[in-house]
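Structure first, commentary second.
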Amino acid sequence: MTDLSTTYLGLQLKNPILASASPLSKKVDTVRRLEDAGVSAVVMYSLFEEQIVHESKALDHFLNQGTESFAEAITYLPDLEHYNVGPDEYLNLIRRHKEAVQIPIIGSLNGNTTGGWVDYAKKIEEAGADALELNIYDVPTDLKMTSQDMEQTYIDLVSDVRKQIHIPLAVKISPFITSLPGFAAKLVKAGATGLVLFNRFIQPDLDIETLEVVPTLHLSTSEEIRLPLRWVAILHGRIQADLALTSGVHTANDVLRSVMAGANVTMLASELIAKGPGRATEILTDMEKWMGEFEYDSIRQMCGSMSQKSVADPDAFERGNYMKALTSFDNKLRY
Ligand SMILES: Cc1cc2nc3c(=O)[nH]c(=O)nc-3n(C[C@H](O)[C@H](O)[C@H](O)COP(=O)(O)O)c2cc1C
């Protein structure tokens, strides 16, 4: 019997396929279907710092300045109003998911500054979440901001959130960090139990006729896995935190490569959104089949077997491979 079980953030999971933060966690029925399909845990869609701050400002406005200007206040953040329900409903949904399924439910907070809003970490814990994922999604545009200042803000945020909760804390980060391993080690020191690599940035597009910036979200492809794959391989076994790989996981081969690179788990959004919760069952079946053919007994046995520490040519993850890759095209040129 192939053993697909793994651990992540101290949680015993039946396999390394998690539903990543996405609208798939918005309905109890969908979360039930994810569980039935074999998904081992669900990360909730994010509750945003802006939503929490906005709600407390709106309440303040309402209590102190009357209702006239309230309507104006709630036109702020129209996108979030479409994407998400408010903070209270979010907490209620965690409770409802917990009642409906046996698999762990991981709450998700999304923000980039410290402040009173981090209280919600505690509320998410009290609502019954098994762990919390903190998504630090940020696009720095200030010319005076140094990378050190920016990273310090994130580290302060992680330590503030850590102080609020007792449940495990994973931090979902961007790949656009100057020296990722050093930053990862600092996050762990600040209290991260796990790292989620990586945030997939929504790249806005430009409409040249309407002169508008168009927010564009395409679902990922398996091609995108190579960015997190490299960094998981580099970090595996070198920091005291579990690793989750997200971005570009679509097939059994993608999950197995992630595990071999050193991920404790993978998190899927695009594939499950495009094909439905049942797709998880197919991927799990394909994984078992492949592992049987190649005589692997367990996921734990495979974890990190192709990390930088374990491969015969560790340079392949670094600069060494760069020249080799560039010159590999020389003989293929037709011009
Ligand atoms: C429609 C959609 C909504 C998402 N919402 C969130 C979110 O609320 N919080 C978050 O941390 N990530 C969110 N993500 C990112 C996913 O959790 C995931 O990390 C990313 O899409 C990469 O995985 P994939 O290649 O499997 O799509 C969202 C992704 C999609 C496609």
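In the structure tokens, the first chain shown is A, the next is B, and so on; residue numbers restart at 1 for each chain, and ligands run from 1 in the order shown.
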Within 9 Å of Gly304 in chain A, counting only C-alpha atoms, which residues show up once you throw out same-chain ones fewer than 6 positions away? Write them as a PyMOL selection string, please. chain A and resi 232-233+236-237+258-264+310
Identify, counting only C-alpha atoms and all ligand atoms, the protein, DNA and RNA residues located within 6 Å of ligand 1, and give them as number ranges by chain. A: 20-23, 45-46, 135, 199-200, 219-220, 246-249, 268-271
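Counting only C-alpha atoms, the residue from A:Ile155, A:Val31, A:Ile136, A:Ile165 that sits nearest to Lys98 in chain A is A:Val31.
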Distance query Pro140 in chain A at most 12 Å, only C-alpha atoms, self and fewer than 3 positions along chain excluded, as a PyMOL selection string: chain A and resi 112+136-137+143-147+149-151+153+174+176-177
Take the selection from the previous step and output its residues with N, CA and C atoms, as a PDB file, in the first residue's frame.
```pdb
ATOM      1  N   ASN A 112      -0.115  43.856   4.659  1.00  0.00           N
ATOM      2  CA  ASN A 112       1.311  44.168   4.559  1.00  0.00           C
ATOM      3  C   ASN A 112       1.808  45.190   5.582  1.00  0.00           C
ATOM      4  N   ILE A 136       1.509  37.919   2.667  1.00  0.00           N
ATOM      5  CA  ILE A 136       2.056  39.279   2.579  1.00  0.00           C
ATOM      6  C   ILE A 136       2.163  39.626   1.106  1.00  0.00           C
ATOM      7  N   TYR A 137       1.129  40.253   0.603  1.00  0.00           N
ATOM      8  CA  TYR A 137       1.075  40.597  -0.824  1.00  0.00           C
ATOM      9  C   TYR A 137       1.347  42.088  -0.930  1.00  0.00           C
ATOM     10  N   LEU A 143      10.037  55.041  -4.103  1.00  0.00           N
ATOM     11  CA  LEU A 143      11.464  55.080  -4.474  1.00  0.00           C
ATOM     12  C   LEU A 143      12.383  55.166  -3.256  1.00  0.00           C
ATOM     13  N   LYS A 144      11.830  55.640  -2.147  1.00  0.00           N
ATOM     14  CA  LYS A 144      12.687  55.802  -0.967  1.00  0.00           C
ATOM     15  C   LYS A 144      12.748  54.541  -0.104  1.00  0.00           C
ATOM     16  N   MET A 145      11.895  53.601  -0.391  1.00  0.00           N
ATOM     17  CA  MET A 145      11.835  52.369   0.423  1.00  0.00           C
ATOM     18  C   MET A 145      12.991  51.433   0.034  1.00  0.00           C
ATOM     19  N   THR A 146      13.778  51.027   1.019  1.00  0.00           N
ATOM     20  CA  THR A 146      14.856  50.077   0.712  1.00  0.00           C
ATOM     21  C   THR A 146      14.331  48.650   0.923  1.00  0.00           C
ATOM     22  N   SER A 147      15.045  47.692   0.368  1.00  0.00           N
ATOM     23  CA  SER A 147      14.584  46.309   0.532  1.00  0.00           C
ATOM     24  C   SER A 147      14.656  45.914   2.011  1.00  0.00           C
ATOM     25  N   ASP A 149      14.151  47.924   4.624  1.00  0.00           N
ATOM     26  CA  ASP A 149      12.977  48.500   5.319  1.00  0.00           C
ATOM     27  C   ASP A 149      11.748  47.628   5.062  1.00  0.00           C
ATOM     28  N   MET A 150      11.636  47.250   3.802  1.00  0.00           N
ATOM     29  CA  MET A 150      10.449  46.500   3.414  1.00  0.00           C
ATOM     30  C   MET A 150      10.399  45.146   4.127  1.00  0.00           C
ATOM     31  N   GLU A 151      11.538  44.472   4.109  1.00  0.00           N
ATOM     32  CA  GLU A 151      11.587  43.155   4.745  1.00  0.00           C
ATOM     33  C   GLU A 151      11.346  43.273   6.248  1.00  0.00           C
ATOM     34  N   THR A 153       9.461  45.428   7.729  1.00  0.00           N
ATOM     35  CA  THR A 153       8.009  45.597   7.942  1.00  0.00           C
ATOM     36  C   THR A 153       7.325  44.234   7.960  1.00  0.00           C
ATOM     37  N   SER A 174       6.330  36.463  -1.465  1.00  0.00           N
ATOM     38  CA  SER A 174       6.586  36.751  -2.862  1.00  0.00           C
ATOM     39  C   SER A 174       7.958  36.199  -3.264  1.00  0.00           C
ATOM     40  N   PHE A 176       9.847  37.884  -5.128  1.00  0.00           N
ATOM     41  CA  PHE A 176      10.649  39.079  -5.447  1.00  0.00           C
ATOM     42  C   PHE A 176      11.312  39.659  -4.205  1.00  0.00           C
ATOM     43  N   ILE A 177      12.202  38.868  -3.637  1.00  0.00           N
ATOM     44  CA  ILE A 177      12.919  39.255  -2.431  1.00  0.00           C
ATOM     45  C   ILE A 177      14.401  39.155  -2.785  1.00  0.00           C
TER      46      ILE A 177
END
```
For each of A:Tyr8, A:Arg33, A:Thr113, A:Leu243, take the minimum atom-to-atom distance to Val53 in chain A, counting only C-alpha atoms, then give the residue where this is smallest.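 Ranking A:Tyr8, A:Arg33, A:Thr113, A:Leu243 by distance to Val53 in chain A, first place goes to A:Thr113.
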